[in-house]
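Coordinates as given in final_31.csv (CSV, C-alpha atoms):
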```csv
chain,number,residue,atom,x,y,z
A,1,MET,CA,0.0,0.0,0.0
A,2,THR,CA,1.1,3.6,-0.5
A,3,ALA,CA,0.9,6.4,1.9
A,4,LYS,CA,-2.0,7.8,-0.1
A,5,ASP,CA,-4.3,4.8,0.7
A,6,THR,CA,-6.3,6.7,3.2
A,7,PHE,CA,-10.0,6.7,3.9
A,8,THR,CA,-12.4,9.3,5.3
A,9,ILE,CA,-14.9,9.0,8.1
A,10,GLY,CA,-17.0,12.1,8.5
A,11,SER,CA,-14.7,15.0,8.5
A,12,ARG,CA,-11.6,13.0,9.4
A,13,GLU,CA,-9.0,11.2,7.3
A,14,PHE,CA,-7.2,8.0,8.4
A,15,SER,CA,-4.4,5.7,7.2
A,16,SER,CA,-4.8,2.7,9.6
A,17,ARG,CA,-7.9,0.6,8.8
A,18,LEU,CA,-7.7,-1.2,12.1
A,19,LEU,CA,-9.9,0.2,14.8
A,20,VAL,CA,-9.5,-1.2,18.3
A,21,GLY,CA,-11.3,-1.2,21.6
A,22,THR,CA,-9.9,-0.6,25.1
A,23,GLY,CA,-11.9,-3.1,27.2
A,24,LYS,CA,-11.1,-6.5,28.7
A,25,TYR,CA,-7.3,-6.1,29.1
A,26,LYS,CA,-5.7,-7.1,32.4
A,27,ASP,CA,-4.6,-3.5,33.2
A,28,LEU,CA,-4.2,-0.1,31.6
A,29,GLN,CA,-0.5,-0.7,30.9
A,30,GLU,CA,-1.3,-3.7,28.7
A,31,THR,CA,-4.1,-1.7,27.1
A,32,GLY,CA,-1.7,1.0,26.0
A,33,THR,CA,1.0,-1.4,24.9
A,34,ALA,CA,-1.3,-3.5,22.8
A,35,ILE,CA,-3.0,-0.5,21.1
A,36,ALA,CA,0.4,0.9,20.3
A,37,ALA,CA,1.4,-2.4,18.7
A,38,SER,CA,-1.8,-2.4,16.6
A,39,GLY,CA,-0.9,0.8,14.8
A,40,ALA,CA,-4.6,1.9,15.1
A,41,GLU,CA,-5.4,5.5,14.9
A,42,ILE,CA,-9.1,5.2,16.0
A,43,VAL,CA,-9.6,3.8,19.5
A,44,THR,CA,-13.1,3.1,20.9
A,45,VAL,CA,-14.0,3.8,24.5
A,46,ALA,CA,-17.1,2.4,26.2
A,47,VAL,CA,-18.1,5.5,28.2
A,48,ARG,CA,-20.4,3.6,30.5
A,49,ARG,CA,-17.7,1.2,31.5
A,50,THR,CA,-14.4,3.2,31.2
A,51,ASN,CA,-13.2,6.2,33.2
A,52,ILE,CA,-12.2,9.1,30.9
A,53,GLY,CA,-12.5,11.7,33.6
A,54,GLN,CA,-16.0,11.3,34.9
A,55,ASN,CA,-14.6,9.5,38.0
A,56,PRO,CA,-11.6,11.7,39.1
A,57,ASP,CA,-10.5,9.3,41.9
A,58,GLU,CA,-10.1,6.3,39.6
A,59,PRO,CA,-7.4,5.4,37.0
A,60,ASN,CA,-8.0,7.3,33.8
A,61,LEU,CA,-7.8,5.6,30.4
A,62,LEU,CA,-6.6,8.9,28.9
A,63,ASP,CA,-3.3,8.5,30.9
A,64,VAL,CA,-2.3,5.7,28.5
A,65,ILE,CA,-4.4,6.5,25.4
A,66,SER,CA,-3.9,10.2,24.8
A,67,PRO,CA,-6.3,12.2,22.6
A,68,ASP,CA,-3.1,13.8,21.2
A,69,ASP,CA,-2.0,10.5,19.8
A,70,TYR,CA,-5.3,8.8,18.9
A,71,THR,CA,-8.8,9.7,17.6
A,72,LEU,CA,-11.0,8.6,20.5
A,73,LEU,CA,-14.3,7.0,19.5
A,74,PRO,CA,-16.7,7.1,22.4
A,75,ASN,CA,-19.2,4.2,22.0
A,76,THR,CA,-22.5,3.4,23.6
A,77,ALA,CA,-21.7,-0.2,24.6
A,78,GLY,CA,-24.0,-1.4,27.4
A,79,CYS,CA,-27.0,0.7,26.2
A,80,PHE,CA,-30.2,-1.1,25.5
A,81,ASN,CA,-32.4,1.8,24.5
A,82,ALA,CA,-32.1,5.0,22.5
A,83,LYS,CA,-32.4,7.3,25.5
A,84,ASP,CA,-29.4,5.8,27.3
A,85,ALA,CA,-27.3,5.8,24.1
A,86,ILE,CA,-28.1,9.5,23.5
A,87,ARG,CA,-27.3,10.4,27.0
A,88,THR,CA,-24.0,8.5,26.8
A,89,CYS,CA,-22.9,10.4,23.7
A,90,MET,CA,-23.8,13.7,25.3
A,91,LEU,CA,-21.7,12.9,28.3
A,92,ALA,CA,-18.8,11.9,26.1
A,93,ARG,CA,-18.9,15.1,24.1
A,94,GLU,CA,-18.8,17.1,27.4
A,95,LEU,CA,-15.9,15.1,28.8
A,96,LEU,CA,-13.9,15.3,25.5
A,97,ASP,CA,-14.3,19.0,24.9
A,98,GLY,CA,-16.9,18.9,22.2
A,99,HIS,CA,-15.7,15.8,20.4
A,100,ASN,CA,-18.5,14.8,18.0
A,101,LEU,CA,-17.4,11.5,16.4
A,102,VAL,CA,-19.2,8.6,18.1
A,103,LYS,CA,-20.0,4.9,17.6
A,104,LEU,CA,-23.6,4.2,18.2
A,105,GLU,CA,-24.6,0.7,19.3
A,106,VAL,CA,-28.0,-0.1,20.9
A,107,LEU,CA,-28.3,-3.7,22.0
A,108,GLY,CA,-31.3,-6.0,22.0
A,109,ASP,CA,-30.5,-8.3,24.9
A,110,GLN,CA,-27.7,-9.5,27.2
A,111,LYS,CA,-27.4,-13.0,25.7
A,112,THR,CA,-26.7,-12.1,22.1
A,113,LEU,CA,-25.8,-8.4,22.2
A,114,TYR,CA,-27.5,-8.3,18.8
A,115,PRO,CA,-28.4,-4.7,17.7
A,116,ASN,CA,-31.9,-3.4,18.4
A,117,MET,CA,-32.5,-1.7,15.1
A,118,ARG,CA,-35.6,0.2,16.1
A,119,GLU,CA,-33.8,1.9,19.0
A,120,THR,CA,-30.7,2.3,16.8
A,121,PHE,CA,-32.7,4.3,14.2
A,122,THR,CA,-34.3,6.5,17.0
A,123,ALA,CA,-30.9,7.2,18.6
A,124,ALA,CA,-29.2,7.9,15.2
A,125,GLU,CA,-31.8,10.4,14.2
A,126,LYS,CA,-31.5,12.4,17.4
A,127,LEU,CA,-27.7,12.3,17.5
A,128,LEU,CA,-27.4,13.5,13.9
A,129,ALA,CA,-29.8,16.3,14.7
A,130,GLU,CA,-27.5,17.3,17.6
A,131,GLY,CA,-24.5,17.5,15.3
A,132,PHE,CA,-22.8,14.2,16.0
A,133,GLU,CA,-20.9,12.3,13.4
A,134,VAL,CA,-22.4,8.8,13.9
A,135,MET,CA,-20.7,5.6,13.1
A,136,VAL,CA,-23.3,2.9,13.6
A,137,TYR,CA,-23.2,-0.7,14.7
A,138,CYS,CA,-26.0,-2.6,12.9
A,139,ASN,CA,-27.1,-6.0,11.7
A,140,ASP,CA,-26.1,-7.2,8.3
A,141,ASP,CA,-29.3,-6.1,6.6
A,142,PRO,CA,-28.6,-4.2,3.4
A,143,ILE,CA,-31.8,-2.2,3.5
A,144,ALA,CA,-31.2,-1.1,7.1
A,145,ALA,CA,-27.7,-0.1,6.1
A,146,GLN,CA,-29.0,2.0,3.2
A,147,GLU,CA,-31.5,3.7,5.5
A,148,LEU,CA,-28.8,4.6,8.1
A,149,GLU,CA,-26.6,6.1,5.4
A,150,ALA,CA,-29.5,8.1,4.0
A,151,MET,CA,-30.1,9.5,7.5
A,152,GLY,CA,-26.6,10.8,7.5
A,153,CYS,CA,-24.5,8.2,9.4
A,154,VAL,CA,-20.8,8.6,8.4
A,155,ALA,CA,-19.9,4.9,8.6
A,156,ILE,CA,-21.9,1.6,8.5
A,157,MET,CA,-20.6,-1.1,10.8
A,158,PRO,CA,-22.3,-4.5,10.2
A,159,LEU,CA,-21.5,-7.3,12.6
A,160,GLY,CA,-19.4,-10.2,11.3
A,161,SER,CA,-20.9,-12.3,14.1
A,162,LEU,CA,-21.9,-11.8,17.7
A,163,ILE,CA,-19.8,-9.5,19.8
A,164,GLY,CA,-17.0,-11.3,21.5
A,165,SER,CA,-17.8,-14.6,19.8
A,166,GLY,CA,-14.7,-15.0,17.7
A,167,LEU,CA,-16.7,-16.8,15.0
A,168,GLY,CA,-15.5,-14.6,12.2
A,169,ILE,CA,-17.6,-13.4,9.3
A,170,LEU,CA,-20.6,-15.7,9.1
A,171,ASN,CA,-22.6,-13.9,6.3
A,172,PRO,CA,-20.1,-12.4,3.8
A,173,HIS,CA,-22.7,-12.3,1.1
A,174,ASN,CA,-24.8,-9.7,3.0
A,175,ILE,CA,-21.8,-7.6,3.8
A,176,ARG,CA,-20.9,-7.6,0.1
A,177,LEU,CA,-24.4,-6.4,-0.7
A,178,ILE,CA,-24.0,-3.6,1.8
A,179,MET,CA,-20.7,-2.5,0.3
A,180,GLU,CA,-22.1,-2.5,-3.2
A,181,GLU,CA,-24.6,0.3,-2.3
A,182,ALA,CA,-22.7,2.2,0.4
A,183,LYS,CA,-21.1,5.6,-0.4
A,184,VAL,CA,-19.7,5.8,3.2
A,185,PRO,CA,-17.1,3.5,4.7
A,186,VAL,CA,-18.3,0.0,5.6
A,187,LEU,CA,-16.4,-1.5,8.6
A,188,VAL,CA,-16.9,-5.0,10.0
A,189,ASP,CA,-17.6,-4.7,13.7
A,190,ALA,CA,-17.8,-7.7,16.1
A,191,GLY,CA,-17.0,-11.3,15.7
A,192,VAL,CA,-13.4,-11.3,14.6
A,193,GLY,CA,-11.4,-14.0,16.3
A,194,THR,CA,-8.0,-14.1,14.7
A,195,ALA,CA,-5.8,-12.5,12.0
A,196,SER,CA,-7.3,-14.5,9.1
A,197,ASP,CA,-10.8,-13.2,9.9
A,198,ALA,CA,-9.5,-9.6,9.6
A,199,ALA,CA,-7.6,-10.4,6.4
A,200,ILE,CA,-10.8,-11.9,4.9
A,201,ALA,CA,-12.8,-8.8,5.7
A,202,MET,CA,-10.2,-6.6,4.0
A,203,GLU,CA,-9.9,-8.9,1.0
A,204,MET,CA,-13.7,-8.6,0.5
A,205,GLY,CA,-13.2,-4.8,0.2
A,206,CYS,CA,-14.3,-3.6,3.6
A,207,ASP,CA,-12.9,-0.2,4.5
A,208,GLY,CA,-11.8,-1.4,7.9
A,209,VAL,CA,-12.3,-3.7,10.8
A,210,LEU,CA,-13.1,-2.9,14.5
A,211,MET,CA,-12.2,-5.4,17.2
A,212,ASN,CA,-11.5,-5.7,20.9
A,213,THR,CA,-11.9,-9.2,22.3
A,214,ALA,CA,-9.8,-10.9,19.6
A,215,ILE,CA,-6.8,-8.9,20.9
A,216,ALA,CA,-7.6,-8.4,24.5
A,217,HIS,CA,-8.4,-12.1,25.2
A,218,ALA,CA,-5.5,-13.5,23.2
A,219,GLN,CA,-2.9,-15.3,25.2
A,220,ASN,CA,-0.5,-12.6,24.2
A,221,PRO,CA,-2.5,-9.5,23.4
A,222,VAL,CA,0.4,-7.4,22.3
A,223,LEU,CA,1.6,-10.0,19.8
A,224,MET,CA,-2.0,-10.5,18.6
A,225,ALA,CA,-2.3,-6.7,18.1
A,226,SER,CA,0.8,-6.8,15.9
A,227,ALA,CA,-0.6,-9.8,14.0
A,228,MET,CA,-3.9,-7.9,13.4
A,229,LYS,CA,-2.0,-4.9,12.1
A,230,LYS,CA,-0.3,-7.1,9.5
A,231,ALA,CA,-3.5,-8.9,8.6
A,232,ILE,CA,-5.3,-5.7,7.9
A,233,GLU,CA,-2.5,-4.4,5.7
A,234,ALA,CA,-2.1,-7.7,3.8
A,235,GLY,CA,-5.8,-8.1,3.2
A,236,ARG,CA,-6.0,-4.5,1.9
A,237,GLU,CA,-3.1,-5.1,-0.4
A,238,ALA,CA,-4.6,-8.3,-1.7
A,239,TYR,CA,-7.9,-6.5,-2.4
A,240,LEU,CA,-6.1,-3.7,-4.3
A,241,ALA,CA,-4.0,-6.2,-6.2
A,242,GLY,CA,-7.0,-8.2,-7.4
A,243,ARG,CA,-7.0,-11.9,-6.9
A,244,MET,CA,-6.7,-14.4,-9.7
A,245,PRO,CA,-10.0,-16.0,-10.9
A,246,LYS,CA,-11.1,-19.2,-9.4
A,247,LYS,CA,-11.0,-22.2,-11.7
A,248,ALA,CA,-12.6,-25.6,-11.5
A,249,TYR,CA,-9.6,-27.4,-13.0
A,250,ALA,CA,-5.8,-27.2,-12.9
A,251,SER,CA,-3.9,-24.7,-15.0
A,252,ALA,CA,-0.2,-25.1,-15.5
A,253,SER,CA,1.9,-22.3,-14.1
A,254,SER,CA,4.8,-22.9,-16.5
A,255,PRO,CA,4.6,-22.4,-20.3
A,256,LEU,CA,3.9,-25.4,-22.4
A,257,GLU,CA,5.8,-24.2,-25.5
A,258,GLY,CA,9.3,-25.7,-26.1
A,259,LEU,CA,8.9,-28.7,-23.9
A,260,ILE,CA,10.8,-31.9,-24.7
A,261,HIS,CA,8.3,-34.6,-25.6
A,262,SER,CA,9.0,-38.3,-25.5
```
Would you write out, as structure tokens, the structure that this file holds?
Amino acid sequence: MTAKDTFTIGSREFSSRLLVGTGKYKDLQETGTAIAASGAEIVTVAVRRTNIGQNPDEPNLLDVISPDDYTLLPNTAGCFNAKDAIRTCMLARELLDGHNLVKLEVLGDQKTLYPNMRETFTAAEKLLAEGFEVMVYCNDDPIAAQELEAMGCVAIMPLGSLIGSGLGILNPHNIRLIMEEAKVPVLVDAGVGTASDAAIAMEMGCDGVLMNTAIAHAQNPVLMASAMKKAIEAGREAYLAGRMPKKAYASASSPLEGLIHS
């Protein structure tokens, strides 16, 4: 890839197509080290679960993930209705001095953490009206994705599989359908388990991948973060290069002319 292979989310331009979360690490030091190894520029923060200044007597994530070095992406993880999601984004904007780029996720239940799309639409409409740039976690429904983009969401983030499951991309066909119509970035969000999952998403043509558990719950999170960085880059290069066509039968890789025949 060249240095010019950037992509734009809302009003911001990025080079790294790997977005990473900050939860589930053993401590803040490991969080900071792993995220640095990932090469990510966008780092998600679960405002309802992570201290970014709202609890002054507790360790602050911003001590290891500085807004000077990363684009923080407050997310509404843990919200199960539009009202809570909107309130969480408002709090994040206040804590981060007017920062308006957010990741919206409104969940349906505790067991699957599958998105509640009705509440997601309600929250997105309100947040967009309040001037937020909304990246939205959603199911892999191409029609829902089109509607969210038409509303003004700056990135569509269909799940690869359930959050934290590590099952990889279970429905690549639908994600391809979403990408065919989208004019904003499409990023796989949730379900990545290992580097090959990330590479597959990028080879499909996704603009990026967001992950947390795949890195944080690896036996060596820092090493896995480095692996994910390479997987994203390799998958992107493979997509840009254009893979060979699949064939049903063998095709000799060496020329047949000039061979010695018995």
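Nearest to Ala40 (chain A) of all the residues A:Cys153, A:Ala225, A:Ile143, A:Ile169 is A:Ala225, based on all atoms listed in the file.
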For the contact check between region 112-173 of chain A and region 63-80 of chain A, emit one row per residue of region 112-173 of chain A within 9 Å, containing the shortest atom pair and the distance in Å rounded to one decimal, counting only C-alpha atoms, chain then rising number order, as a tab-separated table.
```
residue	atom	partner	partner_atom	distance
A:Leu113	CA	A:Gly78	CA	8.9
A:Pro115	CA	A:Phe80	CA	8.8
A:Asn116	CA	A:Phe80	CA	7.7
A:Glu119	CA	A:Phe80	CA	8.0
```
Atomic separation - CA of Ser165 (chain A) relative to CA of Thr22 (chain A), Å: 16.9 Å
Spatial neighbours of Gln146 (chain A), 8 Å, only C-alpha atoms, chain gap at least 6 places, as a ChimeraX atom specification: /A:178,181-182
Local residues around (-6.8, -5.4, 21.2), at most 10 Å away, using all atoms listed in the file, as an NGL selection string: :A and (19-25 or 30-38 or 40 or 43 or 210-218 or 221-226 or 228)
Shortest interatomic distance to Thr194 (chain A) - which of A:Cys206, A:Arg176, A:Leu148, A:Gly164, counting only C-alpha atoms: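 The closest residue to Thr194 (chain A) is A:Gly164.
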Nearest candidate to Val134 (chain A) (options A:Ser15, A:Ser161, A:Asn100, A:Gln29; using all atoms listed in the file): A:Asn100
Among the residues A:Met90, A:Ala195, A:Met157, A:Leu95, the one that comes closest to Gln54 (chain A) [using all atoms listed in the file]: A:Leu95
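Taking all atoms listed in the file into account, Gly208 (chain A) lies nearest to A:Ala155 out of the set A:Ala155, A:Ala238, A:Ala144, A:Leu170.
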Top pick for closest residue to Gly131 (chain A), considering A:Gly10, A:Pro245, A:Asp197, A:Arg48 and counting all atoms listed in the file: A:Gly10
